[in-house]
Amino acid sequence: MKSPGNYEVEIKLRVADRAGLLRKLRHLRARMVRRLYELNTLYDTPSRDLGRSGRLLRLRLEAPLALRARSGAARRSATTGIITFKSPITGFSRYKVRREMEIPLLDPHNVASIFEEMGFRPWFRYEKLRTRYRLPGFSRLQVDFDETPIGLFVELEGKRSSIDRAARALGYGHKDYLTANYWALYCEECRRRDRPIRNMMFPHRKK
């Protein structure tokens with residue numbers, strides 16, 4: 001969901017109590033919209049020109065969670081994708097605000113080859129299971145519950161006033177807002193646990 005002018009306004013909230021969060025969502029009469037497996041790949045030039053200027057190029061592959069463990073034609077035909085390009089907007093501290101352009105893909109399987117032919121190289125991959133909810137009274141707010149290899153997070157995207165209201169309803173305050181992306185959160189977790197920085201993958205996908 002984008003704000004006017006293709007702006008993305010969002011925060012993340014760290015979830016320590018999964019059961020407690022789900023109870024709050026039920027109490028708020030949240031409606032589950034979809035549940036997907038995601039494989040995200042970030043691309044950049046060999047000299048990291050995009051990253052050094054705060055820009056991001058991402059290919060996201062999405063598949064129904066029921067097909068996560070399957071391979072072959074069934075999973076391939078059900079997999080869709082999104083190309084996303086983001087660039088920073090300065091002047092905000094409490095929220096992450098960026099310009100965002102997206103292109104949905106019905107058949108994303110040749111995009112990686114196209115990116116590499118254009119001189120972009122994959123430099124970070126991360127997986128997550130994402131469950132999207134809608135909250136009554138928050139028609140333009142996107143609520144995503146992310147299960148990741150480094151923990152559980154809720155991502156709220158929409159108007160700043162809606163983000164604040166929904167965060168309070170879920171039991172969070174401004175001090176809990178996270179504006180870091182998953183790359184930064186993953187690096188922080190690796191440093192905390194004294195682990196090498198690789199890709200943020202679930203155990204069965206680690207290389």
# chains A, B, ... in the order shown; residues from 1 in each chain; ligands from 1

call {"tool": "closest_atom_pairs", "arguments": {"of": "range 98-162 of chain A", "to": "range 51-69 of chain A", "cutoff": "10 Å", "atoms": "only C-alpha atoms", "output": "CSV"}}
result
residue,atom,partner,partner_atom,distance
A:Arg98,CA,A:Arg55,CA,9.3
A:Arg99,CA,A:Arg55,CA,9.6
A:Glu100,CA,A:Leu56,CA,9.4
A:Met101,CA,A:Leu57,CA,9.9
A:Glu102,CA,A:Arg58,CA,9.5
A:Ile103,CA,A:Leu59,CA,9.8
A:Pro104,CA,A:Arg60,CA,9.5
A:Leu105,CA,A:Leu61,CA,9.1
A:Asp107,CA,A:Leu61,CA,9.7
A:Pro108,CA,A:Leu61,CA,7.3
A:His109,CA,A:Leu61,CA,8.8
A:Val111,CA,A:Leu59,CA,7.9
A:Ala112,CA,A:Leu59,CA,7.8
A:Phe115,CA,A:Leu59,CA,9.5
A:Phe120,CA,A:Leu57,CA,9.2
A:Pro122,CA,A:Arg58,CA,9.1
A:Phe124,CA,A:Arg58,CA,9.6
A:Arg125,CA,A:Arg58,CA,9.5
A:Tyr126,CA,A:Arg60,CA,9.6
A:Glu127,CA,A:Arg60,CA,9.6
A:Lys128,CA,A:Glu62,CA,10.0
A:Leu129,CA,A:Leu65,CA,7.6
A:Arg130,CA,A:Leu65,CA,9.1
A:Thr131,CA,A:Leu65,CA,9.8

call {"tool": "write_last_selection", "arguments": {"atoms": "C-alpha atoms", "output": "compact mmCIF listing (two decimals), in the first residue's frame"}}
result
# COMPACT_ATOMS: atom_id res chain seq x y z
CA ARG A 98 10.76 6.19 1.09
CA ARG A 99 9.75 6.60 -2.51
CA GLU A 100 8.72 3.21 -3.82
CA MET A 101 7.97 1.91 -7.30
CA GLU A 102 6.75 -1.64 -7.86
CA ILE A 103 6.08 -3.86 -10.87
CA PRO A 104 4.01 -7.02 -10.25
CA LEU A 105 5.15 -10.08 -12.20
CA ASP A 107 6.10 -14.94 -14.38
CA PRO A 108 9.20 -13.74 -12.48
CA HIS A 109 11.57 -16.57 -13.36
CA VAL A 111 14.07 -11.51 -14.08
CA ALA A 112 17.21 -12.54 -12.21
CA PHE A 115 19.17 -8.06 -13.86
CA PHE A 120 23.31 -6.03 -11.25
CA PRO A 122 22.53 -10.47 -6.01
CA PHE A 124 21.63 -10.51 -0.02
CA ARG A 125 18.75 -12.97 0.18
CA TYR A 126 16.20 -13.31 2.94
CA GLU A 127 13.15 -15.46 3.54
CA LYS A 128 10.03 -14.86 5.53
CA LEU A 129 6.51 -16.13 6.02
CA ARG A 130 4.12 -13.20 5.76
CA THR A 131 0.51 -13.12 6.94

call {"tool": "residues_around", "arguments": {"residues": "range 192-207 of chain A", "least_positions_apart": "2", "cutoff": "9 Å", "atoms": "only C-alpha atoms", "output": "PyMOL selection string"}}
result
chain A and resi 39+123-128+148-150+182-183+186-190

call {"tool": "select_by_dssp", "arguments": {"residues": "chain A", "states": "strand (DSSP E)", "output": "PyMOL selection string"}}
result
chain A and resi 7-15+31-44+56-64+80-88+96-105+121-134+142-148+151-157

call {"tool": "atom_distance", "arguments": {"atom1": "CA of His174 in chain A", "atom2": "CA of Phe145 in chain A"}}
result
18.5 Å

call {"tool": "closest_residue", "arguments": {"among": "A:Leu135, A:Val15, A:Ile83, A:Met32", "to": "Ala166 in chain A", "atoms": "only C-alpha atoms"}}
result
A:Leu135

call {"tool": "select_by_dssp", "arguments": {"residues": "range 19-206 of chain A", "states": "alpha helix (DSSP H)", "output": "PDB file with N, CA and C atoms, in the first residue's frame"}}
result
ATOM      1  N   ALA A  19       1.546 -15.690  20.679  1.00  0.00           N
ATOM      2  CA  ALA A  19       0.166 -15.991  21.076  1.00  0.00           C
ATOM      3  C   ALA A  19      -0.547 -14.721  21.527  1.00  0.00           C
ATOM      4  N   GLY A  20       0.164 -13.865  22.258  1.00  0.00           N
ATOM      5  CA  GLY A  20      -0.434 -12.622  22.720  1.00  0.00           C
ATOM      6  C   GLY A  20      -0.806 -11.711  21.567  1.00  0.00           C
ATOM      7  N   LEU A  21       0.071 -11.618  20.563  1.00  0.00           N
ATOM      8  CA  LEU A  21      -0.237 -10.780  19.400  1.00  0.00           C
ATOM      9  C   LEU A  21      -1.465 -11.304  18.665  1.00  0.00           C
ATOM     10  N   LEU A  22      -1.534 -12.612  18.466  1.00  0.00           N
ATOM     11  CA  LEU A  22      -2.669 -13.180  17.748  1.00  0.00           C
ATOM     12  C   LEU A  22      -3.977 -12.962  18.512  1.00  0.00           C
ATOM     13  N   ARG A  23      -3.894 -13.008  19.848  1.00  0.00           N
ATOM     14  CA  ARG A  23      -5.097 -12.725  20.648  1.00  0.00           C
ATOM     15  C   ARG A  23      -5.547 -11.281  20.432  1.00  0.00           C
ATOM     16  N   LYS A  24      -4.599 -10.363  20.404  1.00  0.00           N
ATOM     17  CA  LYS A  24      -4.950  -8.954  20.190  1.00  0.00           C
ATOM     18  C   LYS A  24      -5.556  -8.748  18.807  1.00  0.00           C
ATOM     19  N   LEU A  25      -5.022  -9.420  17.811  1.00  0.00           N
ATOM     20  CA  LEU A  25      -5.583  -9.298  16.467  1.00  0.00           C
ATOM     21  C   LEU A  25      -7.015  -9.830  16.426  1.00  0.00           C
ATOM     22  N   ARG A  26      -7.255 -10.952  17.103  1.00  0.00           N
ATOM     23  CA  ARG A  26      -8.620 -11.491  17.153  1.00  0.00           C
ATOM     24  C   ARG A  26      -9.543 -10.520  17.886  1.00  0.00           C
ATOM     25  N   HIS A  27      -9.039  -9.941  18.983  1.00  0.00           N
ATOM     26  CA  HIS A  27      -9.849  -8.991  19.749  1.00  0.00           C
ATOM     27  C   HIS A  27     -10.204  -7.772  18.905  1.00  0.00           C
ATOM     28  N   ASP A  49      26.739   0.737  -5.876  1.00  0.00           N
ATOM     29  CA  ASP A  49      26.328   2.121  -6.116  1.00  0.00           C
ATOM     30  C   ASP A  49      24.961   2.426  -5.520  1.00  0.00           C
ATOM     31  N   LEU A  50      24.032   1.476  -5.616  1.00  0.00           N
ATOM     32  CA  LEU A  50      22.693   1.713  -5.079  1.00  0.00           C
ATOM     33  C   LEU A  50      22.737   1.843  -3.554  1.00  0.00           C
ATOM     34  N   GLY A  51      23.376   0.903  -2.925  1.00  0.00           N
ATOM     35  CA  GLY A  51      23.411   0.897  -1.464  1.00  0.00           C
ATOM     36  C   GLY A  51      24.085   2.124  -0.886  1.00  0.00           C
ATOM     37  N   ARG A  52      25.141   2.587  -1.527  1.00  0.00           N
ATOM     38  CA  ARG A  52      25.864   3.745  -1.010  1.00  0.00           C
ATOM     39  C   ARG A  52      25.022   5.015  -1.079  1.00  0.00           C
ATOM     40  N   ALA A  73       6.965 -28.082 -11.297  1.00  0.00           N
ATOM     41  CA  ALA A  73       6.024 -27.267 -12.062  1.00  0.00           C
ATOM     42  C   ALA A  73       4.917 -26.677 -11.201  1.00  0.00           C
ATOM     43  N   ALA A  74       4.449 -27.415 -10.181  1.00  0.00           N
ATOM     44  CA  ALA A  74       3.333 -26.924  -9.369  1.00  0.00           C
ATOM     45  C   ALA A  74       3.712 -25.641  -8.646  1.00  0.00           C
ATOM     46  N   ARG A  75       4.876 -25.663  -8.010  1.00  0.00           N
ATOM     47  CA  ARG A  75       5.296 -24.457  -7.294  1.00  0.00           C
ATOM     48  C   ARG A  75       5.664 -23.348  -8.263  1.00  0.00           C
ATOM     49  N   ARG A  76       6.332 -23.701  -9.340  1.00  0.00           N
ATOM     50  CA  ARG A  76       6.751 -22.677 -10.307  1.00  0.00           C
ATOM     51  C   ARG A  76       5.546 -21.944 -10.888  1.00  0.00           C
ATOM     52  N   SER A  77       4.494 -22.668 -11.220  1.00  0.00           N
ATOM     53  CA  SER A  77       3.328 -22.036 -11.839  1.00  0.00           C
ATOM     54  C   SER A  77       2.570 -21.166 -10.851  1.00  0.00           C
ATOM     55  N   ALA A  78       2.696 -21.453  -9.535  1.00  0.00           N
ATOM     56  CA  ALA A  78       1.976 -20.675  -8.524  1.00  0.00           C
ATOM     57  C   ALA A  78       2.793 -19.503  -8.000  1.00  0.00           C
ATOM     58  N   VAL A 111      13.656 -12.851 -14.495  1.00  0.00           N
ATOM     59  CA  VAL A 111      14.065 -11.510 -14.083  1.00  0.00           C
ATOM     60  C   VAL A 111      15.486 -11.500 -13.540  1.00  0.00           C
ATOM     61  N   ALA A 112      15.860 -12.504 -12.767  1.00  0.00           N
ATOM     62  CA  ALA A 112      17.213 -12.538 -12.207  1.00  0.00           C
ATOM     63  C   ALA A 112      18.255 -12.507 -13.322  1.00  0.00           C
ATOM     64  N   SER A 113      18.026 -13.261 -14.394  1.00  0.00           N
ATOM     65  CA  SER A 113      18.964 -13.273 -15.519  1.00  0.00           C
ATOM     66  C   SER A 113      19.021 -11.903 -16.199  1.00  0.00           C
ATOM     67  N   ILE A 114      17.871 -11.243 -16.308  1.00  0.00           N
ATOM     68  CA  ILE A 114      17.845  -9.911 -16.919  1.00  0.00           C
ATOM     69  C   ILE A 114      18.637  -8.923 -16.069  1.00  0.00           C
ATOM     70  N   PHE A 115      18.422  -8.957 -14.747  1.00  0.00           N
ATOM     71  CA  PHE A 115      19.171  -8.059 -13.864  1.00  0.00           C
ATOM     72  C   PHE A 115      20.679  -8.266 -14.021  1.00  0.00           C
ATOM     73  N   GLU A 116      21.092  -9.524 -14.076  1.00  0.00           N
ATOM     74  CA  GLU A 116      22.528  -9.796 -14.157  1.00  0.00           C
ATOM     75  C   GLU A 116      23.097  -9.379 -15.503  1.00  0.00           C
ATOM     76  N   GLU A 117      22.311  -9.516 -16.566  1.00  0.00           N
ATOM     77  CA  GLU A 117      22.762  -9.027 -17.868  1.00  0.00           C
ATOM     78  C   GLU A 117      22.903  -7.511 -17.869  1.00  0.00           C
ATOM     79  N   ARG A 160       0.589   7.969   8.804  1.00  0.00           N
ATOM     80  CA  ARG A 160       1.240   8.001  10.100  1.00  0.00           C
ATOM     81  C   ARG A 160       0.233   7.936  11.247  1.00  0.00           C
ATOM     82  N   SER A 161      -0.887   8.626  11.104  1.00  0.00           N
ATOM     83  CA  SER A 161      -1.895   8.599  12.168  1.00  0.00           C
ATOM     84  C   SER A 161      -2.476   7.195  12.346  1.00  0.00           C
ATOM     85  N   SER A 162      -2.672   6.487  11.246  1.00  0.00           N
ATOM     86  CA  SER A 162      -3.193   5.118  11.328  1.00  0.00           C
ATOM     87  C   SER A 162      -2.176   4.175  11.936  1.00  0.00           C
ATOM     88  N   ILE A 163      -0.908   4.357  11.565  1.00  0.00           N
ATOM     89  CA  ILE A 163       0.156   3.545  12.158  1.00  0.00           C
ATOM     90  C   ILE A 163       0.166   3.713  13.672  1.00  0.00           C
ATOM     91  N   ASP A 164       0.087   4.960  14.141  1.00  0.00           N
ATOM     92  CA  ASP A 164       0.125   5.224  15.576  1.00  0.00           C
ATOM     93  C   ASP A 164      -1.072   4.597  16.283  1.00  0.00           C
ATOM     94  N   ARG A 165      -2.272   4.734  15.712  1.00  0.00           N
ATOM     95  CA  ARG A 165      -3.467   4.176  16.341  1.00  0.00           C
ATOM     96  C   ARG A 165      -3.403   2.655  16.412  1.00  0.00           C
ATOM     97  N   ALA A 166      -2.970   2.027  15.308  1.00  0.00           N
ATOM     98  CA  ALA A 166      -2.901   0.565  15.286  1.00  0.00           C
ATOM     99  C   ALA A 166      -1.823   0.059  16.246  1.00  0.00           C
ATOM    100  N   ALA A 167      -0.693   0.745  16.294  1.00  0.00           N
ATOM    101  CA  ALA A 167       0.373   0.326  17.212  1.00  0.00           C
ATOM    102  C   ALA A 167      -0.127   0.378  18.660  1.00  0.00           C
ATOM    103  N   ARG A 168      -0.821   1.452  19.023  1.00  0.00           N
ATOM    104  CA  ARG A 168      -1.364   1.552  20.388  1.00  0.00           C
ATOM    105  C   ARG A 168      -2.354   0.427  20.663  1.00  0.00           C
ATOM    106  N   ALA A 169      -3.204   0.129  19.673  1.00  0.00           N
ATOM    107  CA  ALA A 169      -4.200  -0.937  19.853  1.00  0.00           C
ATOM    108  C   ALA A 169      -3.536  -2.294  20.054  1.00  0.00           C
ATOM    109  N   TYR A 182      15.301  -5.357   6.940  1.00  0.00           N
ATOM    110  CA  TYR A 182      15.690  -6.685   7.419  1.00  0.00           C
ATOM    111  C   TYR A 182      17.179  -6.940   7.279  1.00  0.00           C
ATOM    112  N   TRP A 183      17.834  -6.330   6.329  1.00  0.00           N
ATOM    113  CA  TRP A 183      19.284  -6.450   6.217  1.00  0.00           C
ATOM    114  C   TRP A 183      19.956  -5.915   7.484  1.00  0.00           C
ATOM    115  N   ALA A 184      19.567  -4.717   7.912  1.00  0.00           N
ATOM    116  CA  ALA A 184      20.173  -4.114   9.099  1.00  0.00           C
ATOM    117  C   ALA A 184      19.827  -4.916  10.356  1.00  0.00           C
ATOM    118  N   LEU A 185      18.580  -5.382  10.469  1.00  0.00           N
ATOM    119  CA  LEU A 185      18.193  -6.171  11.634  1.00  0.00           C
ATOM    120  C   LEU A 185      18.946  -7.501  11.672  1.00  0.00           C
ATOM    121  N   TYR A 186      19.145  -8.085  10.502  1.00  0.00           N
ATOM    122  CA  TYR A 186      19.888  -9.342  10.426  1.00  0.00           C
ATOM    123  C   TYR A 186      21.349  -9.132  10.842  1.00  0.00           C
ATOM    124  N   CYS A 187      21.974  -8.072  10.336  1.00  0.00           N
ATOM    125  CA  CYS A 187      23.364  -7.791  10.710  1.00  0.00           C
ATOM    126  C   CYS A 187      23.496  -7.577  12.215  1.00  0.00           C
ATOM    127  N   GLU A 188      22.536  -6.858  12.787  1.00  0.00           N
ATOM    128  CA  GLU A 188      22.542  -6.622  14.232  1.00  0.00           C
ATOM    129  C   GLU A 188      22.447  -7.931  14.993  1.00  0.00           C
ATOM    130  N   GLU A 189      21.586  -8.836  14.530  1.00  0.00           N
ATOM    131  CA  GLU A 189      21.432 -10.130  15.191  1.00  0.00           C
ATOM    132  C   GLU A 189      22.704 -10.969  15.055  1.00  0.00           C
ATOM    133  N   CYS A 190      23.344 -10.937  13.889  1.00  0.00           N
ATOM    134  CA  CYS A 190      24.583 -11.691  13.700  1.00  0.00           C
ATOM    135  C   CYS A 190      25.684 -11.176  14.621  1.00  0.00           C
ATOM    136  N   ARG A 191      25.787  -9.863  14.757  1.00  0.00           N
ATOM    137  CA  ARG A 191      26.800  -9.298  15.658  1.00  0.00           C
ATOM    138  C   ARG A 191      26.504  -9.675  17.102  1.00  0.00           C
ATOM    139  N   ARG A 192      25.244  -9.642  17.471  1.00  0.00           N
ATOM    140  CA  ARG A 192      24.875  -9.978  18.849  1.00  0.00           C
ATOM    141  C   ARG A 192      25.203 -11.423  19.177  1.00  0.00           C
ATOM    142  N   ARG A 193      25.017 -12.304  18.216  1.00  0.00           N
ATOM    143  CA  ARG A 193      25.269 -13.731  18.438  1.00  0.00           C
ATOM    144  C   ARG A 193      26.658 -14.167  17.976  1.00  0.00           C
TER     145      ARG A 193
END

call {"tool": "atom_distance", "arguments": {"atom1": "CA of Arg14 in chain A", "atom2": "CA of Leu141 in chain A"}}
result
18.1 Å

call {"tool": "closest_residue", "arguments": {"among": "A:Lys86, A:Lys96, A:Arg18, A:Arg48", "to": "Thr179 in chain A", "atoms": "only C-alpha atoms"}}
result
A:Lys96

call {"tool": "atom_distance", "arguments": {"atom1": "CA of Gly158 in chain A", "atom2": "CA of Arg132 in chain A"}}
result
13.6 Å
